[in-house]
>>> print(open('work-v2.txt').read())   # compact mmCIF, C-alpha atoms and all ligand atoms
# COMPACT_ATOMS: atom_id res chain seq x y z
CA MET L 14 -102.73 53.09 -10.93
CA ILE L 15 -104.18 54.29 -7.63
CA ILE L 16 -107.96 54.63 -7.66
CA PRO L 17 -109.37 56.99 -5.01
CA ARG L 18 -112.00 55.22 -2.85
CA SER L 19 -114.17 58.30 -3.13
CA HIS L 20 -114.54 57.85 -6.89
CA PRO L 21 -118.22 57.14 -7.73
CA ARG L 22 -117.17 54.21 -9.90
CA TYR L 23 -114.53 52.89 -7.49
CA LEU L 24 -115.61 49.23 -7.59
CA SER L 25 -115.83 49.09 -11.36
CA LEU L 26 -112.44 50.80 -11.79
CA LYS L 27 -110.83 48.55 -9.18
CA THR L 28 -112.12 45.45 -10.98
CA ARG L 29 -110.75 46.74 -14.31
CA GLU L 30 -107.39 47.38 -12.66
CA GLN L 31 -107.38 43.84 -11.24
CA LEU L 32 -107.98 42.41 -14.73
CA VAL L 33 -105.35 44.62 -16.37
CA ARG L 34 -102.80 43.54 -13.78
CA ALA L 35 -103.76 39.89 -14.31
CA ASN L 36 -103.35 40.43 -18.05
CA ARG L 37 -99.81 41.74 -17.50
CA SER L 38 -98.97 38.75 -15.31
CA GLY L 39 -100.19 36.31 -17.98
CA ILE L 40 -103.39 35.10 -16.31
CA VAL L 41 -106.00 36.97 -18.34
CA VAL L 42 -105.88 37.08 -22.15
CA PRO L 43 -106.58 40.40 -23.97
CA GLU L 44 -109.84 38.82 -25.16
CA GLY L 45 -110.77 38.47 -21.49
CA LEU L 46 -110.62 42.26 -21.14
CA ILE L 47 -113.02 42.61 -24.06
CA ALA L 48 -115.32 39.97 -22.57
CA HIS L 49 -115.33 41.90 -19.31
CA GLY L 50 -116.40 45.03 -21.22
CA ARG L 51 -119.41 43.17 -22.58
CA GLY L 52 -120.19 41.98 -19.08
CA GLU L 53 -119.93 45.54 -17.72
CA ALA L 54 -122.44 46.77 -20.28
CA PHE L 55 -124.98 44.17 -19.16
CA ASP L 56 -124.20 44.91 -15.52
CA TYR L 57 -124.92 48.58 -16.16
CA ILE L 58 -128.41 47.86 -17.45
CA LEU L 59 -129.00 45.54 -14.50
CA GLY L 60 -128.28 48.49 -12.21
CA GLU L 61 -125.09 46.74 -10.96
CA ARG L 62 -127.11 44.86 -8.35
CA THR L 63 -127.95 41.25 -7.65
CA ARG L 64 -131.55 40.95 -8.75
CA PRO L 65 -134.22 38.53 -7.39
CA SER L 66 -133.80 36.23 -10.43
CA ALA L 67 -130.10 35.86 -9.57
CA GLU L 68 -130.90 35.18 -5.92
CA LYS L 69 -133.28 32.42 -7.04
CA ALA L 70 -130.66 30.92 -9.35
CA ILE L 71 -128.03 31.11 -6.61
CA GLU L 72 -130.29 29.11 -4.30
CA ALA L 73 -130.88 26.47 -7.00
CA ALA L 74 -127.15 26.37 -7.83
CA ALA L 75 -126.22 25.85 -4.18
CA ALA L 76 -128.77 23.04 -3.85
CA LEU L 77 -127.59 21.40 -7.08
CA LEU L 78 -123.94 21.56 -6.00
CA LEU L 79 -124.77 20.12 -2.57
CA THR L 80 -126.68 17.18 -4.08
CA ALA L 81 -123.95 16.42 -6.65
CA GLU L 82 -121.93 13.22 -6.44
CA LYS L 83 -118.92 14.83 -8.07
CA PRO L 84 -119.07 18.59 -8.56
CA VAL L 85 -116.27 20.39 -10.42
CA ILE L 86 -115.62 24.12 -10.48
CA SER L 87 -114.21 25.14 -13.87
CA VAL L 88 -111.81 28.10 -13.77
CA ASN L 89 -110.71 30.38 -16.62
CA GLY L 90 -108.45 33.43 -16.72
CA ASN L 91 -111.02 36.08 -15.79
CA THR L 92 -112.44 34.19 -12.84
CA ALA L 93 -108.96 33.29 -11.55
CA ALA L 94 -108.19 37.02 -11.59
CA LEU L 95 -111.43 38.19 -10.00
CA VAL L 96 -112.59 35.56 -7.50
CA PRO L 97 -109.89 32.91 -6.91
CA ARG L 98 -110.49 32.52 -3.17
CA GLU L 99 -114.24 32.29 -3.58
CA LEU L 100 -113.88 29.56 -6.22
CA VAL L 101 -111.59 27.48 -4.03
CA ARG L 102 -113.88 28.02 -1.03
CA LEU L 103 -116.87 26.87 -3.10
CA ALA L 104 -115.10 23.69 -4.27
CA ARG L 105 -114.14 22.85 -0.71
CA ALA L 106 -117.64 23.54 0.68
CA VAL L 107 -119.35 21.21 -1.82
CA GLY L 108 -116.67 18.50 -1.68
CA GLY L 109 -115.48 19.12 -5.24
CA ASP L 110 -112.39 20.16 -7.15
CA VAL L 111 -111.24 23.16 -9.13
CA GLU L 112 -110.17 22.50 -12.72
CA VAL L 113 -108.42 24.89 -15.09
CA ASN L 114 -110.27 25.01 -18.40
CA LEU L 115 -109.33 27.65 -20.94
CA PHE L 116 -110.63 28.84 -24.26
CA HIS L 117 -107.20 30.30 -25.08
CA ARG L 118 -105.03 27.46 -23.81
CA GLY L 119 -101.33 27.82 -24.42
CA GLY L 120 -97.95 28.75 -23.03
CA ASP L 121 -97.76 28.42 -19.30
CA ARG L 122 -100.99 30.31 -18.54
CA GLU L 123 -102.68 27.21 -17.14
CA LYS L 124 -99.74 26.75 -14.73
CA ARG L 125 -99.97 30.39 -13.64
CA ILE L 126 -103.70 30.01 -13.02
CA ALA L 127 -103.10 26.79 -11.08
CA ARG L 128 -100.50 28.63 -8.97
CA THR L 129 -103.01 31.41 -8.24
CA LEU L 130 -105.57 28.81 -7.13
CA ARG L 131 -103.03 27.05 -4.92
CA ARG L 132 -102.08 30.37 -3.37
CA SER L 133 -105.77 30.88 -2.75
CA GLY L 134 -105.95 27.67 -0.75
CA ALA L 135 -106.54 24.85 -3.29
CA SER L 136 -104.73 21.66 -2.27
CA ARG L 137 -105.11 20.23 -5.77
CA VAL L 138 -105.86 21.76 -9.13
CA LEU L 139 -107.03 19.60 -12.02
CA GLY L 140 -106.75 20.08 -15.78
CA VAL L 141 -103.13 21.22 -16.02
CA GLY L 142 -100.71 19.96 -18.69
CA LYS L 143 -100.93 16.25 -19.48
CA GLU L 144 -103.72 15.84 -16.94
CA ALA L 145 -106.10 17.45 -19.43
CA SER L 146 -106.03 14.32 -21.57
CA GLY L 147 -109.80 13.90 -21.90
CA ARG L 148 -111.96 15.47 -24.61
CA ILE L 149 -115.48 16.88 -24.75
CA PRO L 150 -117.05 15.24 -27.81
CA GLY L 151 -118.29 17.58 -30.54
CA LEU L 152 -116.26 20.59 -29.37
CA GLU L 153 -113.54 22.08 -31.58
CA SER L 154 -112.12 24.74 -29.25
CA MET L 155 -109.36 24.24 -26.69
CA ARG L 156 -112.09 24.13 -24.10
CA ARG L 157 -112.63 20.53 -25.19
CA LYS L 158 -109.52 19.52 -23.18
CA ILE L 159 -110.64 18.20 -19.82
CA ASP L 160 -109.27 16.18 -16.95
CA PRO L 161 -110.82 12.67 -17.07
CA SER L 162 -110.83 12.55 -13.27
CA GLY L 163 -112.34 16.07 -13.06
CA ILE L 164 -114.87 17.47 -15.53
CA GLY L 165 -114.70 14.14 -17.40
CA ASP L 166 -116.13 12.33 -14.40
CA ALA L 167 -118.27 15.12 -12.94
CA ASP L 168 -122.06 15.09 -12.69
CA VAL L 169 -122.33 18.83 -12.02
CA VAL L 170 -120.01 21.43 -13.58
CA PHE L 171 -119.89 25.07 -12.48
CA VAL L 172 -118.87 27.27 -15.43
CA PRO L 173 -118.58 30.97 -14.64
CA LEU L 174 -117.93 33.21 -17.69
CA GLU L 175 -118.32 30.72 -20.45
CA ASP L 176 -117.74 31.27 -24.15
CA GLY L 177 -120.72 29.58 -25.72
CA ASP L 178 -120.76 26.03 -26.94
CA ARG L 179 -119.20 24.16 -24.01
CA ALA L 180 -122.31 24.37 -21.85
CA SER L 181 -124.42 22.54 -24.42
CA ALA L 182 -121.61 20.04 -25.15
CA LEU L 183 -121.42 19.25 -21.42
CA ARG L 184 -125.20 18.82 -21.33
CA ARG L 185 -124.95 16.36 -24.22
CA MET L 186 -122.49 14.40 -22.06
CA GLY L 187 -125.28 14.11 -19.47
CA LYS L 188 -123.83 16.63 -17.02
CA LYS L 189 -125.71 19.34 -15.18
CA VAL L 190 -124.33 22.80 -15.86
CA ILE L 191 -124.40 25.93 -13.69
CA ALA L 192 -123.37 29.16 -15.46
CA VAL L 193 -122.70 32.70 -14.26
CA ASP L 194 -123.23 35.16 -17.08
CA LEU L 195 -124.30 38.79 -17.00
CA ASN L 196 -125.83 38.31 -20.43
CA PRO L 197 -129.20 36.56 -20.04
CA LEU L 198 -129.45 36.21 -23.83
CA SER L 199 -126.21 34.31 -24.39
CA ARG L 200 -126.13 30.76 -25.67
CA THR L 201 -124.46 29.69 -22.45
CA SER L 202 -127.25 31.26 -20.36
CA ARG L 203 -129.85 29.45 -22.42
CA SER L 204 -128.10 26.06 -22.44
CA ALA L 205 -127.26 25.77 -18.74
CA ASN L 206 -129.52 24.03 -16.22
CA VAL L 207 -129.07 26.95 -13.83
CA THR L 208 -127.89 30.40 -14.96
CA ILE L 209 -126.97 33.09 -12.47
CA VAL L 210 -127.37 36.43 -14.27
CA ASP L 211 -125.03 38.45 -12.08
CA ASN L 212 -121.46 39.66 -11.84
CA VAL L 213 -119.11 36.88 -10.66
CA THR L 214 -117.71 39.33 -8.12
CA ARG L 215 -121.13 39.60 -6.42
CA ALA L 216 -122.48 36.11 -7.21
CA LEU L 217 -119.62 34.02 -5.79
CA PRO L 218 -119.70 35.38 -2.22
CA LEU L 219 -123.51 35.02 -2.23
CA LEU L 220 -123.29 31.48 -3.56
CA ASN L 221 -120.81 30.51 -0.85
CA ARG L 222 -123.10 32.00 1.78
CA GLN L 223 -126.07 30.09 0.34
CA VAL L 224 -124.10 26.82 0.32
CA ARG L 225 -123.28 27.33 4.01
CA GLY L 226 -126.97 28.00 4.72
CA LEU L 227 -128.35 25.01 2.79
CA LYS L 228 -125.79 22.53 4.10
CA ARG L 229 -128.02 21.59 7.01
CA TYR L 230 -130.95 20.69 4.71
CA ASN L 231 -131.59 17.03 3.95
CA LYS L 232 -131.21 15.73 0.39
CA ARG L 233 -134.96 15.58 -0.28
CA ARG L 234 -135.35 19.26 0.54
CA LEU L 235 -132.40 20.19 -1.68
CA VAL L 236 -133.75 18.11 -4.58
CA ARG L 237 -137.08 19.91 -4.21
CA ILE L 238 -135.33 23.28 -4.55
CA VAL L 239 -133.57 22.09 -7.71
CA SER L 240 -136.68 20.63 -9.33
CA GLY L 241 -138.69 23.77 -8.52
CA PHE L 242 -136.28 25.88 -10.54
CA ASN L 243 -136.99 26.63 -14.19
CA ASN L 244 -134.04 28.22 -16.00
CA GLU L 245 -136.03 29.48 -18.96
CA LYS L 246 -138.58 31.24 -16.76
CA ASN L 247 -135.81 32.65 -14.60
CA LEU L 248 -134.01 34.11 -17.63
CA ILE L 249 -137.25 35.77 -18.71
CA MET L 250 -137.44 37.22 -15.21
CA ALA L 251 -133.86 38.56 -15.55
CA VAL L 252 -134.75 40.27 -18.85
CA LYS L 253 -137.86 41.77 -17.22
CA GLU L 254 -135.70 43.06 -14.35
CA ILE L 255 -133.46 44.80 -16.89
CA MET L 256 -136.51 46.27 -18.66
CA SER L 257 -138.05 47.52 -15.44
CA TYR L 258 -134.74 49.11 -14.40
CA LEU L 259 -134.47 50.81 -17.79
CA ASN L 260 -138.10 51.95 -17.58
CA LYS L 261 -137.15 54.10 -14.61
CA TRP L 262 -135.16 56.21 -17.05
CA ASN L 263 -138.21 56.86 -19.21
CA GLY L 264 -138.63 60.53 -19.97
CA VAL L 265 -135.19 61.56 -18.67
O1 LIG W 301 -109.45 32.54 -19.96
P1 LIG W 301 -109.97 31.94 -21.24
O2 LIG W 301 -108.90 31.67 -22.23
O3 LIG W 301 -110.79 30.71 -20.99
O4 LIG W 301 -110.96 33.02 -21.91
C1 LIG W 301 -112.00 33.56 -21.17
C2 LIG W 301 -112.96 34.43 -22.03
C3 LIG W 301 -113.87 35.17 -21.08
C4 LIG W 301 -112.13 35.41 -22.84
C5 LIG W 301 -113.74 33.51 -22.97
O5 LIG W 301 -114.45 32.57 -22.21
C6 LIG W 301 -114.68 34.30 -23.87
O6 LIG W 301 -114.35 34.73 -24.96
O7 LIG W 301 -115.91 34.53 -23.35
P2 LIG W 301 -117.10 35.31 -24.11
O8 LIG W 301 -117.61 34.52 -25.25
O9 LIG W 301 -116.71 36.72 -24.36
O10 LIG W 301 -118.23 35.27 -23.01
C7 LIG W 301 -118.05 35.75 -21.74
C8 LIG W 301 -119.43 36.05 -21.13
O11 LIG W 301 -119.20 36.42 -19.79
C9 LIG W 301 -120.16 37.22 -21.81
O12 LIG W 301 -121.50 36.85 -22.05
C10 LIG W 301 -120.10 38.36 -20.79
O13 LIG W 301 -121.28 39.10 -20.76
C11 LIG W 301 -119.95 37.59 -19.47
N1 LIG W 301 -119.16 38.31 -18.46
C12 LIG W 301 -118.07 39.09 -18.62
N2 LIG W 301 -117.62 39.54 -17.43
C13 LIG W 301 -118.45 39.01 -16.47
C14 LIG W 301 -119.44 38.23 -17.14
N3 LIG W 301 -120.38 37.56 -16.47
C15 LIG W 301 -120.38 37.67 -15.12
N4 LIG W 301 -119.47 38.40 -14.43
C16 LIG W 301 -118.49 39.08 -15.07
N5 LIG W 301 -117.60 39.79 -14.37
>>> encode(input="work-v2.txt", output="structure tokens", more="lines below")
Ligand code: PTJ
Amino acid sequence: MIIPRSHPRYLSLKTREQLVRANRSGIVVPEGLIAHGRGEAFDYILGERTRPSAEKAIEAAAALLLTAEKPVISVNGNTAALVPRELVRLARAVGGDVEVNLFHRGGDREKRIARTLRRSGASRVLGVGKEASGRIPGLESMRRKIDPSGIGDADVVFVPLEDGDRASALRRMGKKVIAVDLNPLSRTSRSANVTIVDNVTRALPLLNRQVRGLKRYNKRRLVRIVSGFNNEKNLIMAVKEIMSYLNKWNGV
């Protein structure tokens, strides 16, 4: 479908089209389209803008990734469809790896996603096929399958668009978790160390820019940024941002 650039909802329609195409090519599951719809609804009440709470979380996420010994960027169907280049760029900038980790694992979807990441510049992609031989304890879903040399060994895991219980299971393993979720009320948002309440399509370019900016800081300064961040308070701020945006519609 051709979407005219002049359409007032051009960006949103283009993103939907991207996901539908990725669904047809076997990268995104139908459930991913539904998940995107939920995300869109939250984005709508955020005013489809990166809010100050997200900017704060992006700064903390960049600092946390830069101080990590072994950061891993976890990739699912939706993020592979929407921001593959940005994910690969992020992994490279923080000296980490990309790993395919799927809720709906099966068929050759993981291979297709790995191919997309390679085409986007990744020299190696973890978590595919037999390489996902590790397990996250206490997790029943297919998301439990991890690469022992990737997420299994990571100290910081970046999990954009998560489905719920993996973030807390990773925390129980002693890992630090960074989530991107438009829903500030989700279990993932509440269990992560740093939650960026923003659309992945806006948050990833900003995160990469922030990583480039903070790279020249020494470790002590980065650690100070991380320890000055409080996820719970920041989520409350995100909810307040939504409420204040909605308040503008009062009396309409
Ligand atoms: O590719 P798979 O098999 O790993 O499956 C991926 C999905 C997304 C289907 C799976 O992880 C899932 O079911 O996720 P949930 O439980 O629907 O949660 C997804 C969360 O992401 C929801 O809280 C949405 O609000 C949020 N979300 C959706 N689209 C975006 C988003 N957050 C940021 N940016 C988006 N574009």
>>> closest_atom_pairs(input="work-v2.txt", of="stretch 31-127 of chain L", to="stretch 15-26 of chain L", cutoff="10 Å", atoms="all atoms listed in the file", output="Markdown table")
| residue | atom | partner | partner_atom | distance |
| --- | --- | --- | --- | --- |
| L:Gln31 | CA | L:Leu26 | CA | 8.6 |
| L:Leu32 | CA | L:Leu26 | CA | 9.9 |
| L:Glu53 | CA | L:Ser25 | CA | 8.4 |
| L:Glu61 | CA | L:Ser25 | CA | 9.6 |
>>> closest_atom_pairs(input="work-v2.txt", of="chain L", to="ligand LIG 301 (chain W)", cutoff="8 Å", atoms="only C-alpha atoms and all ligand atoms", output="CSV")
residue,atom,partner,partner_atom,distance
L:Ile40,CA,W:LIG301,O1,7.5
L:Val41,CA,W:LIG301,O1,5.8
L:Val42,CA,W:LIG301,O1,6.2
L:Pro43,CA,W:LIG301,C4,7.5
L:Glu44,CA,W:LIG301,C4,4.7
L:Gly45,CA,W:LIG301,C4,3.6
L:Leu46,CA,W:LIG301,C4,7.2
L:Ile47,CA,W:LIG301,O9,7.0
L:Ala48,CA,W:LIG301,O9,4.0
L:His49,CA,W:LIG301,N2,3.8
L:Gly50,CA,W:LIG301,C12,6.7
L:Arg51,CA,W:LIG301,O13,4.8
L:Gly52,CA,W:LIG301,O13,3.5
L:Glu53,CA,W:LIG301,N2,6.4
L:Ala54,CA,W:LIG301,O13,7.8
L:Phe55,CA,W:LIG301,O13,6.5
L:Val88,CA,W:LIG301,O3,7.7
L:Asn89,CA,W:LIG301,O1,4.2
L:Gly90,CA,W:LIG301,O1,3.5
L:Asn91,CA,W:LIG301,O1,5.7
L:Thr92,CA,W:LIG301,N5,7.8
L:Leu95,CA,W:LIG301,N5,7.7
L:Asn114,CA,W:LIG301,O3,6.3
L:Leu115,CA,W:LIG301,O3,3.4
L:Phe116,CA,W:LIG301,O3,3.8
L:His117,CA,W:LIG301,O2,3.6
L:Arg118,CA,W:LIG301,O2,5.9
L:Arg156,CA,W:LIG301,O3,7.4
L:Pro173,CA,W:LIG301,C15,7.0
L:Leu174,CA,W:LIG301,O11,4.0
L:Glu175,CA,W:LIG301,O5,4.6
L:Asp176,CA,W:LIG301,O8,3.4
L:Gly177,CA,W:LIG301,O8,5.9
L:Val193,CA,W:LIG301,C15,5.6
L:Asp194,CA,W:LIG301,N3,3.8
L:Leu195,CA,W:LIG301,N3,4.1
L:Asn196,CA,W:LIG301,O13,4.6
L:Pro197,CA,W:LIG301,O12,8.0
L:Ser199,CA,W:LIG301,O12,5.8
L:Thr201,CA,W:LIG301,O12,7.8
L:Val210,CA,W:LIG301,C15,7.1
L:Asp211,CA,W:LIG301,C15,5.6
L:Asn212,CA,W:LIG301,N4,3.5
L:Val213,CA,W:LIG301,N4,4.1
L:Thr214,CA,W:LIG301,N5,6.3
>>> closest_residue(input="work-v2.txt", among="L:Val207, L:Arg233, L:Ala74, L:Leu259", to="L:Glu245", atoms="all atoms listed in the file")
L:Val207
>>> residues_near_point(input="work-v2.txt", point="(-107.5, 31.4, -7.3)", cutoff="6 Å", atoms="all atoms listed in the file", output="JSON, numbers by chain")
{"L": [93, 97, 98, 129, 130, 133]}
>>> closest_residue(input="work-v2.txt", among="L:Ala104, L:Leu220, L:Ile249, L:Met256", to="L:Thr63", atoms="all atoms listed in the file")
L:Leu220
>>> closest_residue(input="work-v2.txt", among="L:Pro218, L:Asp178, L:Ile164, L:Gly60", to="L:Arg203", atoms="only C-alpha atoms")
L:Asp178
>>> residues_around(input="work-v2.txt", residues="L:Asp110", least_positions_apart="2", cutoff="9 Å", atoms="all atoms listed in the file", output="list in words")
Lys83, Pro84, Val85, Ile86, Ser87, Val101, Ala104, Arg105, Val107, Gly108, Glu112, Ala135, Arg137, Val138, Leu139 and Gly163 of chain L
>>> closest_residue(input="work-v2.txt", among="L:Arg185, L:Arg37, L:Arg237, L:Lys246", to="L:Ala73", atoms="all atoms listed in the file")
L:Arg237
>>> closest_residue(input="work-v2.txt", among="L:Asn247, L:Ser146, L:Ala192, L:Val252", to="L:Ala216", atoms="only C-alpha atoms")
L:Ala192
>>> atom_distance(input="work-v2.txt", atom1="atom CA of L:Asp160", atom2="atom CA of L:Glu72")
27.7 Å
>>> atom_distance(input="work-v2.txt", atom1="atom CA of L:Phe171", atom2="atom CA of L:Arg34")
25.2 Å
>>> residues_around(input="work-v2.txt", residues="L:Leu59", least_positions_apart="2", cutoff="8 Å", atoms="only C-alpha atoms", output="PyMOL selection string")
chain L and resi 55-57+61-62+64+254-255+258
>>> build_atoms(input="work-v2.txt", residues="stretch 70-93 of chain L", atoms="N, CA and C atoms", output="JSON list (two decimals), in the coordinates of the input")
[["chain", "number", "residue", "atom", "x", "y", "z"],
["L", 70, "ALA", "N", -131.59, 31.83, -8.68],
["L", 70, "ALA", "CA", -130.66, 30.92, -9.35],
["L", 70, "ALA", "C", -129.53, 30.51, -8.41],
["L", 71, "ILE", "N", -129.10, 31.42, -7.56],
["L", 71, "ILE", "CA", -128.03, 31.11, -6.61],
["L", 71, "ILE", "C", -128.50, 30.03, -5.63],
["L", 72, "GLU", "N", -129.75, 30.13, -5.21],
["L", 72, "GLU", "CA", -130.29, 29.11, -4.30],
["L", 72, "GLU", "C", -130.32, 27.73, -5.00],
["L", 73, "ALA", "N", -130.81, 27.74, -6.26],
["L", 73, "ALA", "CA", -130.88, 26.47, -7.00],
["L", 73, "ALA", "C", -129.49, 25.92, -7.26],
["L", 74, "ALA", "N", -128.53, 26.81, -7.57],
["L", 74, "ALA", "CA", -127.15, 26.37, -7.83],
["L", 74, "ALA", "C", -126.54, 25.75, -6.58],
["L", 75, "ALA", "N", -126.77, 26.38, -5.43],
["L", 75, "ALA", "CA", -126.22, 25.85, -4.18],
["L", 75, "ALA", "C", -126.81, 24.47, -3.90],
["L", 76, "ALA", "N", -128.12, 24.33, -4.10],
["L", 76, "ALA", "CA", -128.77, 23.04, -3.85],
["L", 76, "ALA", "C", -128.25, 21.97, -4.81],
["L", 77, "LEU", "N", -128.08, 22.36, -6.07],
["L", 77, "LEU", "CA", -127.59, 21.40, -7.08],
["L", 77, "LEU", "C", -126.15, 20.95, -6.75],
["L", 78, "LEU", "N", -125.33, 21.90, -6.34],
["L", 78, "LEU", "CA", -123.94, 21.56, -6.00],
["L", 78, "LEU", "C", -123.89, 20.65, -4.76],
["L", 79, "LEU", "N", -124.79, 20.92, -3.81],
["L", 79, "LEU", "CA", -124.77, 20.12, -2.57],
["L", 79, "LEU", "C", -125.33, 18.71, -2.78],
["L", 80, "THR", "N", -126.14, 18.52, -3.83],
["L", 80, "THR", "CA", -126.68, 17.18, -4.08],
["L", 80, "THR", "C", -125.82, 16.42, -5.10],
["L", 81, "ALA", "N", -124.79, 17.07, -5.62],
["L", 81, "ALA", "CA", -123.95, 16.42, -6.65],
["L", 81, "ALA", "C", -123.09, 15.32, -6.03],
["L", 82, "GLU", "N", -122.84, 14.29, -6.86],
["L", 82, "GLU", "CA", -121.93, 13.22, -6.44],
["L", 82, "GLU", "C", -120.50, 13.72, -6.60],
["L", 83, "LYS", "N", -120.28, 14.38, -7.76],
["L", 83, "LYS", "CA", -118.92, 14.83, -8.07],
["L", 83, "LYS", "C", -118.96, 16.20, -8.76],
["L", 84, "PRO", "N", -119.03, 17.25, -7.96],
["L", 84, "PRO", "CA", -119.07, 18.59, -8.56],
["L", 84, "PRO", "C", -117.67, 19.09, -8.92],
["L", 85, "VAL", "N", -117.56, 19.79, -10.05],
["L", 85, "VAL", "CA", -116.27, 20.39, -10.42],
["L", 85, "VAL", "C", -116.49, 21.86, -10.75],
["L", 86, "ILE", "N", -115.57, 22.68, -10.25],
["L", 86, "ILE", "CA", -115.62, 24.12, -10.48],
["L", 86, "ILE", "C", -114.59, 24.44, -11.57],
["L", 87, "SER", "N", -115.09, 24.84, -12.74],
["L", 87, "SER", "CA", -114.21, 25.14, -13.87],
["L", 87, "SER", "C", -113.71, 26.58, -13.75],
["L", 88, "VAL", "N", -112.40, 26.76, -13.97],
["L", 88, "VAL", "CA", -111.81, 28.10, -13.77],
["L", 88, "VAL", "C", -111.11, 28.56, -15.04],
["L", 89, "ASN", "N", -111.43, 29.80, -15.48],
["L", 89, "ASN", "CA", -110.71, 30.38, -16.62],
["L", 89, "ASN", "C", -109.90, 31.59, -16.14],
["L", 90, "GLY", "N", -109.32, 32.32, -17.09],
["L", 90, "GLY", "CA", -108.45, 33.43, -16.72],
["L", 90, "GLY", "C", -109.16, 34.52, -15.93],
["L", 91, "ASN", "N", -110.31, 34.98, -16.45],
["L", 91, "ASN", "CA", -111.02, 36.08, -15.79],
["L", 91, "ASN", "C", -111.44, 35.74, -14.36],
["L", 92, "THR", "N", -111.95, 34.52, -14.18],
["L", 92, "THR", "CA", -112.44, 34.19, -12.84],
["L", 92, "THR", "C", -111.28, 33.97, -11.88],
["L", 93, "ALA", "N", -110.15, 33.46, -12.41],
["L", 93, "ALA", "CA", -108.96, 33.29, -11.55],
["L", 93, "ALA", "C", -108.47, 34.65, -11.09]]
